[in-house]
>>> print(open('upload37.cif').read())   # mmCIF, C-alpha atoms and all ligand atoms
data_entry
loop_
_atom_site.label_atom_id
_atom_site.label_comp_id
_atom_site.auth_asym_id
_atom_site.auth_seq_id
_atom_site.Cartn_x
_atom_site.Cartn_y
_atom_site.Cartn_z
CA MET A 180 0.00 0.00 0.00
CA PHE A 181 1.17 3.54 -0.66
CA LYS A 182 -0.14 7.09 -0.26
CA ALA A 183 -1.59 9.09 -3.16
CA LEU A 184 -3.56 12.29 -3.64
CA ILE A 185 -6.72 11.07 -5.35
CA VAL A 186 -9.07 13.50 -7.09
CA GLU A 187 -12.64 12.21 -7.41
CA LYS A 188 -15.58 13.73 -9.25
CA ASN A 189 -18.94 13.85 -7.48
CA GLU A 190 -22.28 13.34 -9.20
CA ASP A 191 -22.79 17.12 -9.24
CA GLY A 192 -19.60 17.43 -11.36
CA LYS A 193 -17.52 18.95 -8.55
CA THR A 194 -14.07 17.52 -7.83
CA HIS A 195 -12.67 16.65 -4.41
CA ALA A 196 -9.04 15.79 -3.58
CA SER A 197 -7.96 13.65 -0.61
CA VAL A 198 -4.93 11.62 0.47
CA GLN A 199 -5.69 7.87 0.37
CA GLU A 200 -3.82 4.57 0.80
CA ILE A 201 -4.02 2.47 -2.36
CA GLY A 202 -2.46 -0.75 -3.67
CA GLU A 203 -0.01 -1.16 -6.56
CA ASP A 204 -2.75 -2.94 -8.53
CA ARG A 205 -4.39 0.51 -8.97
CA LEU A 206 -1.38 1.88 -10.88
CA PRO A 207 -1.86 2.36 -14.62
CA GLU A 208 -0.02 0.32 -17.27
CA GLY A 209 3.60 1.18 -18.07
CA ALA A 210 6.97 -0.52 -18.30
CA VAL A 211 8.69 1.37 -15.49
CA THR A 212 7.56 1.69 -11.86
CA VAL A 213 9.14 4.52 -9.86
CA ASP A 214 9.32 5.14 -6.12
CA VAL A 215 8.55 8.85 -6.18
CA ALA A 216 10.68 10.92 -3.81
CA TYR A 217 9.62 14.46 -4.73
CA SER A 218 7.09 16.27 -6.86
CA THR A 219 6.14 19.94 -7.16
CA VAL A 220 3.29 22.35 -7.90
CA ASN A 221 2.98 23.98 -11.30
CA TYR A 222 0.11 26.12 -12.58
CA LYS A 223 -1.31 23.11 -14.45
CA ASP A 224 -1.25 21.10 -11.21
CA GLY A 225 -3.52 23.72 -9.69
CA LEU A 226 -6.03 22.98 -12.45
CA CYS A 227 -5.71 19.19 -12.11
CA ILE A 228 -6.00 19.16 -8.29
CA GLY A 229 -9.08 21.36 -8.59
CA PRO A 230 -11.60 21.80 -11.38
CA GLY A 231 -9.60 19.93 -14.07
CA GLY A 232 -9.41 22.75 -16.60
CA GLY A 233 -10.31 20.31 -19.38
CA LEU A 234 -6.94 18.57 -18.85
CA VAL A 235 -8.08 15.51 -16.85
CA ARG A 236 -10.06 12.92 -18.83
CA ASN A 237 -10.89 10.22 -16.26
CA TYR A 238 -11.60 10.12 -12.51
CA PRO A 239 -10.44 8.99 -9.97
CA HIS A 240 -7.23 10.77 -10.91
CA VAL A 241 -3.75 11.24 -9.43
CA PRO A 242 -2.38 14.68 -10.46
CA GLY A 243 1.27 15.78 -10.42
CA ILE A 244 2.75 16.74 -13.79
CA ASP A 245 6.32 15.99 -12.75
CA PHE A 246 8.28 13.86 -10.31
CA ALA A 247 11.75 12.63 -9.39
CA GLY A 248 12.51 9.27 -7.81
CA THR A 249 14.11 5.84 -8.13
CA VAL A 250 13.12 3.00 -10.45
CA SER A 251 11.73 0.07 -8.43
CA ALA A 252 10.80 -2.23 -11.36
CA SER A 253 11.43 -2.06 -15.09
CA ASP A 254 10.50 -4.13 -18.15
CA HIS A 255 12.66 -1.90 -20.34
CA GLU A 256 16.38 -2.22 -21.12
CA CYS A 257 17.07 1.51 -20.63
CA TYR A 258 16.14 1.51 -16.93
CA GLN A 259 17.13 -0.78 -14.05
CA PRO A 260 15.90 -0.85 -10.45
CA GLY A 261 17.87 1.75 -8.50
CA ASP A 262 18.20 4.24 -11.39
CA ALA A 263 17.46 7.85 -10.41
CA VAL A 264 15.00 9.40 -12.87
CA VAL A 265 13.02 12.57 -13.56
CA LEU A 266 9.73 12.97 -15.39
CA THR A 267 8.21 16.12 -16.87
CA GLY A 268 5.55 16.49 -19.55
CA TRP A 269 3.87 13.89 -21.80
CA ARG A 270 0.53 14.78 -20.17
CA VAL A 271 1.44 12.78 -17.07
CA GLY A 272 -0.66 14.13 -14.19
CA GLU A 273 -3.34 15.15 -16.74
CA VAL A 274 -4.31 12.22 -18.97
CA HIS A 275 -2.10 9.72 -17.09
CA TRP A 276 -1.70 9.29 -13.34
CA GLY A 277 1.07 11.53 -12.09
CA GLY A 278 3.55 12.26 -9.34
CA TYR A 279 1.33 12.99 -6.31
CA ALA A 280 1.81 9.45 -5.03
CA GLN A 281 4.60 7.42 -3.47
CA LYS A 282 4.62 5.25 -6.62
CA ALA A 283 4.11 5.99 -10.32
CA ARG A 284 4.08 3.78 -13.39
CA VAL A 285 4.99 5.32 -16.76
CA LYS A 286 6.42 4.71 -20.24
CA PRO A 287 10.24 4.65 -20.33
CA GLU A 288 10.45 7.25 -23.11
CA TRP A 289 8.83 9.82 -20.79
CA LEU A 290 11.70 9.58 -18.29
CA VAL A 291 15.15 11.12 -18.32
CA PRO A 292 18.01 10.07 -16.04
CA LEU A 293 18.44 12.42 -13.08
CA PRO A 294 20.99 14.95 -14.41
CA GLU A 295 24.46 14.68 -12.92
CA GLY A 296 25.02 17.35 -10.28
CA LEU A 297 21.35 17.54 -9.19
CA THR A 298 19.60 15.75 -6.32
CA ALA A 299 16.00 14.52 -6.76
CA ARG A 300 14.88 17.36 -4.46
CA GLN A 301 16.71 19.98 -6.54
CA ALA A 302 15.31 18.49 -9.76
CA MET A 303 11.79 19.02 -8.42
CA ALA A 304 12.62 22.49 -7.14
CA VAL A 305 13.35 23.13 -10.83
CA GLY A 306 10.43 21.00 -12.08
CA THR A 307 8.46 21.65 -15.25
CA ALA A 308 8.42 25.40 -14.55
CA GLY A 309 12.21 25.60 -14.29
CA LEU A 310 12.80 23.31 -17.25
CA THR A 311 10.53 25.57 -19.29
CA ALA A 312 12.47 28.65 -18.15
CA MET A 313 15.68 26.97 -19.36
CA LEU A 314 14.09 26.05 -22.70
CA ALA A 315 13.06 29.70 -23.07
CA VAL A 316 16.60 30.93 -22.35
CA MET A 317 17.96 28.45 -24.92
CA ALA A 318 15.45 29.64 -27.53
CA LEU A 319 16.44 33.29 -26.96
CA GLU A 320 20.13 32.35 -27.28
CA ASP A 321 19.43 30.39 -30.48
CA HIS A 322 17.92 33.61 -31.86
CA GLY A 323 20.97 35.71 -31.13
CA LEU A 324 20.59 36.97 -27.53
CA THR A 325 23.96 37.38 -25.79
CA PRO A 326 24.87 38.67 -22.31
CA ASP A 327 26.61 41.74 -23.80
CA ALA A 328 23.18 43.14 -24.78
CA GLU A 329 22.96 46.72 -23.54
CA LEU A 330 19.27 46.51 -22.66
CA PRO A 331 17.89 44.18 -19.97
CA VAL A 332 16.00 40.97 -20.65
CA LEU A 333 12.44 41.22 -19.32
CA VAL A 334 10.86 38.39 -17.30
CA THR A 335 7.10 38.64 -16.70
CA GLY A 336 5.29 36.79 -13.90
CA ALA A 337 8.68 36.99 -12.24
CA SER A 338 7.82 35.75 -8.72
CA GLY A 339 6.18 32.61 -10.12
CA GLY A 340 7.93 29.30 -10.82
CA VAL A 341 8.94 29.93 -14.44
CA GLY A 342 9.78 33.56 -13.70
CA SER A 343 11.93 32.92 -10.60
CA VAL A 344 14.07 30.29 -12.34
CA ALA A 345 14.34 32.45 -15.49
CA VAL A 346 15.56 35.45 -13.45
CA ALA A 347 18.17 33.33 -11.62
CA ILE A 348 19.51 31.67 -14.81
CA LEU A 349 19.66 34.88 -16.86
CA ALA A 350 21.38 36.81 -14.05
CA ASN A 351 23.90 34.00 -13.57
CA LEU A 352 24.68 34.05 -17.32
CA GLY A 353 25.49 37.75 -17.04
CA TYR A 354 22.33 39.37 -18.44
CA LYS A 355 20.75 42.49 -17.01
CA VAL A 356 17.32 41.28 -15.87
CA ALA A 357 14.15 43.34 -15.45
CA ALA A 358 11.54 41.46 -13.41
CA VAL A 359 7.83 42.27 -13.75
CA THR A 360 5.76 41.61 -10.65
CA GLY A 361 2.33 42.51 -9.36
CA ARG A 362 3.56 41.84 -5.81
CA PRO A 363 5.89 44.72 -4.79
CA ASP A 364 6.66 42.84 -1.55
CA ASN A 365 8.64 40.37 -3.66
CA ALA A 366 11.11 43.01 -4.90
CA GLY A 367 13.78 41.96 -2.37
CA TYR A 368 13.34 38.29 -3.30
CA LEU A 369 13.71 39.11 -7.01
CA HIS A 370 16.78 41.30 -6.43
CA ASP A 371 18.34 38.43 -4.47
CA LEU A 372 17.72 36.11 -7.45
CA GLY A 373 19.66 38.59 -9.61
CA ALA A 374 17.08 41.03 -11.02
CA THR A 375 18.68 44.41 -11.74
CA GLU A 376 15.34 46.22 -12.16
CA ILE A 377 11.80 45.68 -10.85
CA VAL A 378 8.91 46.66 -13.13
CA ASP A 379 5.44 47.15 -11.67
CA ARG A 380 2.92 44.85 -13.36
CA ALA A 381 0.47 47.77 -13.63
CA GLU A 382 2.93 49.64 -15.85
CA LEU A 383 2.77 46.96 -18.54
CA ALA A 384 -0.87 46.02 -18.00
CA GLU A 385 -2.04 49.37 -19.41
CA THR A 386 -2.85 48.99 -23.07
CA THR A 387 -1.57 51.54 -25.55
CA ARG A 388 -2.67 52.40 -29.06
CA LYS A 389 0.96 52.70 -30.16
CA PRO A 390 2.09 49.52 -31.95
CA LEU A 391 5.72 50.53 -31.30
CA GLU A 392 7.22 52.23 -28.25
CA ALA A 393 10.81 53.06 -27.29
CA GLU A 394 13.07 49.98 -27.37
CA ARG A 395 13.34 48.91 -23.72
CA TRP A 396 14.21 45.19 -23.70
CA ALA A 397 16.83 43.03 -25.45
CA GLY A 398 14.43 40.08 -25.17
CA CYS A 399 11.70 38.68 -22.94
CA ILE A 400 10.56 35.48 -21.25
CA ASP A 401 6.82 35.90 -20.92
CA ALA A 402 4.73 33.79 -18.52
CA VAL A 403 1.71 36.10 -18.70
CA GLY A 404 0.44 36.46 -22.31
CA SER A 405 -2.55 38.63 -23.23
CA ALA A 406 -2.30 42.46 -23.03
CA MET A 407 1.11 42.36 -21.33
CA LEU A 408 2.66 40.27 -24.10
CA ALA A 409 1.13 42.57 -26.71
CA ARG A 410 2.59 45.62 -24.97
CA VAL A 411 6.03 44.03 -24.56
CA LEU A 412 6.24 43.12 -28.27
CA GLY A 413 6.16 46.84 -29.06
CA GLN A 414 9.06 47.52 -26.64
CA ILE A 415 11.54 44.86 -27.84
CA ALA A 416 14.79 46.09 -29.41
CA TYR A 417 15.36 45.66 -33.15
CA GLY A 418 15.76 41.94 -34.05
CA GLY A 419 15.05 40.81 -30.47
CA SER A 420 12.85 37.90 -29.41
CA VAL A 421 10.11 37.07 -26.93
CA ALA A 422 9.82 33.50 -25.67
CA ALA A 423 6.09 32.97 -25.01
CA VAL A 424 5.79 30.47 -22.17
CA GLY A 425 2.53 31.02 -20.31
CA LEU A 426 -0.90 32.52 -19.98
CA ALA A 427 -1.11 33.59 -16.33
CA GLY A 428 -2.79 36.82 -17.51
CA GLY A 429 -4.91 35.29 -20.28
CA ALA A 430 -4.70 33.26 -23.47
CA ASP A 431 -5.56 36.06 -25.90
CA LEU A 432 -3.05 38.25 -27.71
CA PRO A 433 -4.44 41.69 -28.57
CA ALA A 434 -1.43 42.77 -30.64
CA THR A 435 -0.53 44.13 -34.08
CA VAL A 436 2.03 42.63 -36.48
CA ILE A 437 3.94 45.95 -36.64
CA PRO A 438 6.80 44.90 -34.26
CA PHE A 439 7.42 41.86 -36.49
CA LEU A 440 7.40 43.90 -39.71
CA LEU A 441 9.24 47.07 -38.67
CA ARG A 442 11.61 45.77 -35.99
CA GLY A 443 12.09 42.14 -37.03
CA VAL A 444 10.91 41.03 -33.59
CA ASN A 445 10.51 37.24 -33.15
CA LEU A 446 7.79 35.55 -31.11
CA LEU A 447 9.06 32.13 -30.05
CA GLY A 448 6.66 29.48 -28.76
CA ILE A 449 7.95 27.33 -25.89
CA ASP A 450 6.44 23.90 -25.16
CA SER A 451 7.87 21.67 -22.45
CA VAL A 452 5.35 18.82 -22.70
CA MET A 453 6.29 17.19 -26.02
CA GLN A 454 9.89 18.41 -26.00
CA PRO A 455 12.12 15.84 -27.78
CA TYR A 456 14.34 13.69 -25.55
CA ASP A 457 17.67 15.16 -26.73
CA ASN A 458 16.59 18.73 -26.09
CA ARG A 459 15.16 17.84 -22.67
CA LEU A 460 18.52 16.28 -21.77
CA ARG A 461 20.35 19.37 -23.08
CA ALA A 462 18.09 21.64 -21.01
CA TRP A 463 18.57 19.58 -17.82
CA GLN A 464 22.34 19.62 -18.31
CA ARG A 465 22.27 23.39 -18.78
CA ILE A 466 20.20 23.71 -15.57
CA ALA A 467 22.84 21.73 -13.64
CA THR A 468 25.54 24.17 -14.80
CA ASP A 469 23.73 27.52 -15.22
CA LEU A 470 21.30 27.69 -12.29
CA PRO A 471 23.05 28.55 -8.99
CA MET A 472 21.85 26.03 -6.41
CA GLU A 473 21.85 28.56 -3.56
CA LYS A 474 19.43 30.71 -5.59
CA LEU A 475 17.26 27.64 -6.23
CA GLU A 476 17.26 26.92 -2.49
CA SER A 477 15.91 30.42 -1.78
CA MET A 478 12.89 29.72 -4.03
CA ILE A 479 11.85 26.51 -2.22
CA HIS A 480 8.68 26.20 -0.18
CA PRO A 481 8.51 22.64 1.28
CA ALA A 482 5.19 20.76 1.29
CA THR A 483 3.57 17.35 1.76
CA LEU A 484 0.67 15.56 0.03
CA ASP A 485 -1.74 16.97 2.63
CA ASP A 486 -0.85 20.56 1.63
CA LEU A 487 -1.67 20.08 -2.04
CA PRO A 488 -5.39 20.99 -2.19
CA GLN A 489 -4.62 24.40 -0.64
CA LEU A 490 -1.46 24.96 -2.73
CA GLY A 491 -3.35 24.04 -5.92
CA ALA A 492 -5.93 26.73 -5.17
CA ASP A 493 -3.17 29.24 -4.26
CA ILE A 494 -1.22 28.82 -7.51
CA LEU A 495 -4.36 29.41 -9.59
CA LYS A 496 -4.73 32.75 -7.78
CA GLY A 497 -1.07 33.67 -8.49
CA GLN A 498 -0.29 33.47 -4.76
CA VAL A 499 2.60 30.99 -4.78
CA ARG A 500 6.10 32.46 -4.76
CA GLY A 501 8.97 30.52 -6.32
CA ARG A 502 8.86 26.74 -6.26
CA VAL A 503 6.98 24.29 -4.03
CA VAL A 504 8.80 21.00 -3.37
CA VAL A 505 6.49 18.16 -2.31
CA ASP A 506 8.21 15.48 -0.19
CA LEU A 507 6.39 12.18 -0.75
CA ASN A 508 7.98 10.39 2.21
P1 LIG A 601 3.01 30.61 -11.23
O1 LIG A 601 1.61 30.78 -10.79
O2 LIG A 601 4.04 30.12 -10.29
O3 LIG A 601 3.54 32.02 -11.81
C1 LIG A 601 2.76 32.89 -12.58
C2 LIG A 601 3.08 34.32 -12.14
O4 LIG A 601 2.45 35.23 -13.06
C3 LIG A 601 2.51 34.69 -10.78
O5 LIG A 601 3.35 34.29 -9.73
C4 LIG A 601 2.42 36.19 -10.90
O6 LIG A 601 3.72 36.74 -10.69
C5 LIG A 601 2.06 36.41 -12.36
N1 LIG A 601 0.62 36.58 -12.59
C6 LIG A 601 -0.40 35.85 -12.06
N2 LIG A 601 -1.59 36.30 -12.50
C7 LIG A 601 -1.32 37.35 -13.32
C8 LIG A 601 -2.12 38.23 -14.08
N3 LIG A 601 -3.45 38.13 -14.09
N4 LIG A 601 -1.52 39.20 -14.80
C9 LIG A 601 -0.17 39.31 -14.81
N5 LIG A 601 0.66 38.50 -14.10
C10 LIG A 601 0.09 37.52 -13.38
O7 LIG A 601 2.97 29.68 -12.52
P2 LIG A 601 4.19 28.99 -13.30
O8 LIG A 601 5.40 29.86 -13.19
O9 LIG A 601 4.26 27.56 -12.93
O10 LIG A 601 3.65 29.07 -14.80
C11 LIG A 601 3.56 30.33 -15.44
C12 LIG A 601 2.80 30.16 -16.74
O11 LIG A 601 3.56 29.34 -17.62
C13 LIG A 601 1.44 29.48 -16.59
O12 LIG A 601 0.52 30.08 -17.45
C14 LIG A 601 1.72 28.05 -17.01
O13 LIG A 601 0.58 27.41 -17.49
C15 LIG A 601 2.76 28.26 -18.08
N6 LIG A 601 3.64 27.11 -18.29
C16 LIG A 601 3.86 26.71 -19.57
C17 LIG A 601 4.70 25.69 -19.84
C18 LIG A 601 4.99 25.34 -21.26
O14 LIG A 601 5.42 24.23 -21.54
N7 LIG A 601 4.78 26.26 -22.16
C19 LIG A 601 5.32 24.90 -18.77
C20 LIG A 601 5.11 25.46 -17.44
C21 LIG A 601 4.26 26.51 -17.22
P3 LIG A 601 3.91 38.17 -9.96
O15 LIG A 601 3.08 38.09 -8.71
O16 LIG A 601 5.36 38.29 -9.73
O17 LIG A 601 3.38 39.22 -10.92
#
>>> encode(input="upload37.cif", output="structure tokens", more="lines below")
Ligand code: NDP
Amino acid sequence: MFKALIVEKNEDGKTHASVQEIGEDRLPEGAVTVDVAYSTVNYKDGLCIGPGGGLVRNYPHVPGIDFAGTVSASDHECYQPGDAVVLTGWRVGEVHWGGYAQKARVKPEWLVPLPEGLTARQAMAVGTAGLTAMLAVMALEDHGLTPDAELPVLVTGASGGVGSVAVAILANLGYKVAAVTGRPDNAGYLHDLGATEIVDRAELAETTRKPLEAERWAGCIDAVGSAMLARVLGQIAYGGSVAAVGLAGGADLPATVIPFLLRGVNLLGIDSVMQPYDNRLRAWQRIATDLPMEKLESMIHPATLDDLPQLGADILKGQVRGRVVVDLN
């Protein structure tokens, strides 16, 4: 028997999450069984612990879109019992049972070996949010961003999971980093992660009729979308890029194409879920070298399975700072 956070749907269509003891026979099919050590809380987890957001197909459901742990049984040549592994993406925790349990069973191709230099706890402090931040940095670099840029790189939704890790990585690589937050109390936290400038969310939330404004940013990692992304596109320096990661502010994009046509601005889509194996490995290796572990430590908020219903609701309201690390044992 092992502990899992089970989400059930009542007859009235409402969901309810509780910690239960279940047997291994309840685990879904898959060639590799993992003893989960740590998981975390991403925005999507908030949806899957709560109302589902159209992501969960079947109930009862175990959420948790990422986990780190040790292989306990494997029918696949790539993994042996005792191997340390990490899982992000592949709709685990949405369509498939996820990491909010002491055991998980998954397809081998969804796993990557725990990157050298990281513990399982650190890997989940990074989690899907941090991996996505790294993928965004890599995409900006691939499109010509270098640390000698005169203007800062903007990070929106900066106190969140993606934003916090993005700020810490960019600052460590030598970029000037402007961090957008709607929570002024987090300014000290963001400066400690390496932000050189704090931008009030309200400043970029105001819409403008001007399709182009003064060039303010060398590039941007955007976790917010909607009106803020539209506004930022008009402030990017000539030839610069925005990595679009999230929709914390909304899924629409009320923008014009003028920044693309007159300034050669690039809008780069970032997806962590179906990211090919080789690039996921490359991103994890970059995290191990480019993210200072003491900065990562300062982002961590420890939690257990029992805390998850509350934390899921909090992250949907934008009230979680940094990264939650869920200890399964
Ligand atoms: P968090 O909730 O941790 O962070 C989001 C941050 O955005 C908040 O902390 C807050 O930061 C800011 N924010 C919240 N609401 C608003 C709003 N209405 N307007 C402007 N800013 C707002 O989530 P994550 O960091 O885990 O994820 C961020 C986004 O990225 C989500 O939309 C998520 O779905 C997406 N995502 C996408 C992935 C991909 O593969 N593309 C992978 C992982 C996440 P502050 O208080 O500092 O302003």
>>> residues_around(input="upload37.cif", residues="region 265-269 of chain A", least_positions_apart="4", cutoff="10 Å", atoms="only C-alpha atoms", output="ChimeraX atom specification")
/A:213,215,217-218,243-249,273-275,277-278,285-294,299,302-303,306-308,310,450-454,459,463
>>> atom_distance(input="upload37.cif", atom1="CA of Leu319 (chain A)", atom2="CA of Gln464 (chain A)")
17.2 Å
>>> closest_residue(input="upload37.cif", among="A:Leu184, A:Leu297, A:Ala263, A:Ala216", to="Thr468 (chain A)", atoms="only C-alpha atoms")
A:Leu297
>>> residues_around(input="upload37.cif", residues="Cys399 (chain A)", least_positions_apart="4", cutoff="8 Å", atoms="all atoms listed in the file", output="PDB file with C-alpha atoms, keeping the file's coordinate frame")
ATOM      1  CA  VAL A 332      16.000  40.970 -20.650  1.00  0.00           C
ATOM      2  CA  LEU A 333      12.440  41.220 -19.320  1.00  0.00           C
ATOM      3  CA  VAL A 334      10.860  38.390 -17.300  1.00  0.00           C
ATOM      4  CA  THR A 335       7.100  38.640 -16.700  1.00  0.00           C
ATOM      5  CA  VAL A 411       6.030  44.030 -24.560  1.00  0.00           C
ATOM      6  CA  ILE A 415      11.540  44.860 -27.840  1.00  0.00           C
ATOM      7  CA  SER A 420      12.850  37.900 -29.410  1.00  0.00           C
ATOM      8  CA  VAL A 421      10.110  37.070 -26.930  1.00  0.00           C
ATOM      9  CA  ALA A 422       9.820  33.500 -25.670  1.00  0.00           C
TER      10      ALA A 422
END
>>> residues_around(input="upload37.cif", residues="Gly501 (chain A)", least_positions_apart="6", cutoff="10 Å", atoms="only C-alpha atoms", output="JSON, numbers by chain")
{"A": [304, 305, 308, 309, 337, 338, 339, 340, 341, 342, 343, 344, 368, 369, 475, 476, 477, 478, 479, 480]}
>>> atom_distance(input="upload37.cif", atom1="CA of Val503 (chain A)", atom2="CA of Arg284 (chain A)")
22.7 Å
>>> residues_around(input="upload37.cif", residues="Asn445 (chain A)", least_positions_apart="3", cutoff="12 Å", atoms="all atoms listed in the file", output="list in words")
Ala318, Leu319, Asp321, His322, Gly323, Leu324, Ala397, Gly398, Cys399, Val411, Leu412, Gly413, Ile415, Ala416, Tyr417, Gly418, Gly419, Ser420, Val421, Ala422, Ala423, Val436, Ile437, Pro438, Phe439, Leu440, Leu441, Arg442 and Gly448 of chain A
>>> closest_residue(input="upload37.cif", among="A:Val356, A:Leu426, A:Leu349, A:Ala280", to="Asp506 (chain A)", atoms="all atoms listed in the file")
A:Ala280
>>> atom_distance(input="upload37.cif", atom1="CA of Glu295 (chain A)", atom2="CA of Asn458 (chain A)")
15.9 Å
>>> closest_residue(input="upload37.cif", among="A:Thr194, A:Thr325, A:Asn189, A:Thr311", to="Ile400 (chain A)", atoms="only C-alpha atoms")
A:Thr311
>>> closest_residue(input="upload37.cif", among="A:Asp204, A:Ala328, A:Leu234, A:Tyr456", to="Arg395 (chain A)", atoms="all atoms listed in the file")
A:Ala328
>>> closest_residue(input="upload37.cif", among="A:Lys223, A:Lys355, A:Arg410, A:Lys282", to="ligand LIG 601 (chain A)", atoms="all atoms listed in the file")
A:Lys223
>>> closest_residue(input="upload37.cif", among="A:Gly353, A:Pro326, A:Pro331, A:Gly229", to="Gly192 (chain A)", atoms="all atoms listed in the file")
A:Gly229
>>> residues_near_point(input="upload37.cif", point="(2.9, 0.9, -2.1)", cutoff="7 Å", atoms="all atoms listed in the file", output="NGL selection string")
:A and (180-181 or 202-203 or 281-282)
>>> write_last_selection(input="upload37.cif", atoms="C-alpha atoms", output="mmCIF file, in the coordinates of the input")
data_model
loop_
_atom_site.group_PDB
_atom_site.id
_atom_site.type_symbol
_atom_site.label_atom_id
_atom_site.label_comp_id
_atom_site.auth_asym_id
_atom_site.auth_seq_id
_atom_site.Cartn_x
_atom_site.Cartn_y
_atom_site.Cartn_z
ATOM 1 C CA MET A 180 0.000 0.000 0.000
ATOM 2 C CA PHE A 181 1.170 3.540 -0.660
ATOM 3 C CA GLY A 202 -2.460 -0.750 -3.670
ATOM 4 C CA GLU A 203 -0.010 -1.160 -6.560
ATOM 5 C CA GLN A 281 4.600 7.420 -3.470
ATOM 6 C CA LYS A 282 4.620 5.250 -6.620
#
>>> residues_around(input="upload37.cif", residues="Thr212 (chain A)", least_positions_apart="2", cutoff="8 Å", atoms="all atoms listed in the file", output="number ranges by chain")
A: 209-210, 214, 250-253, 282-285
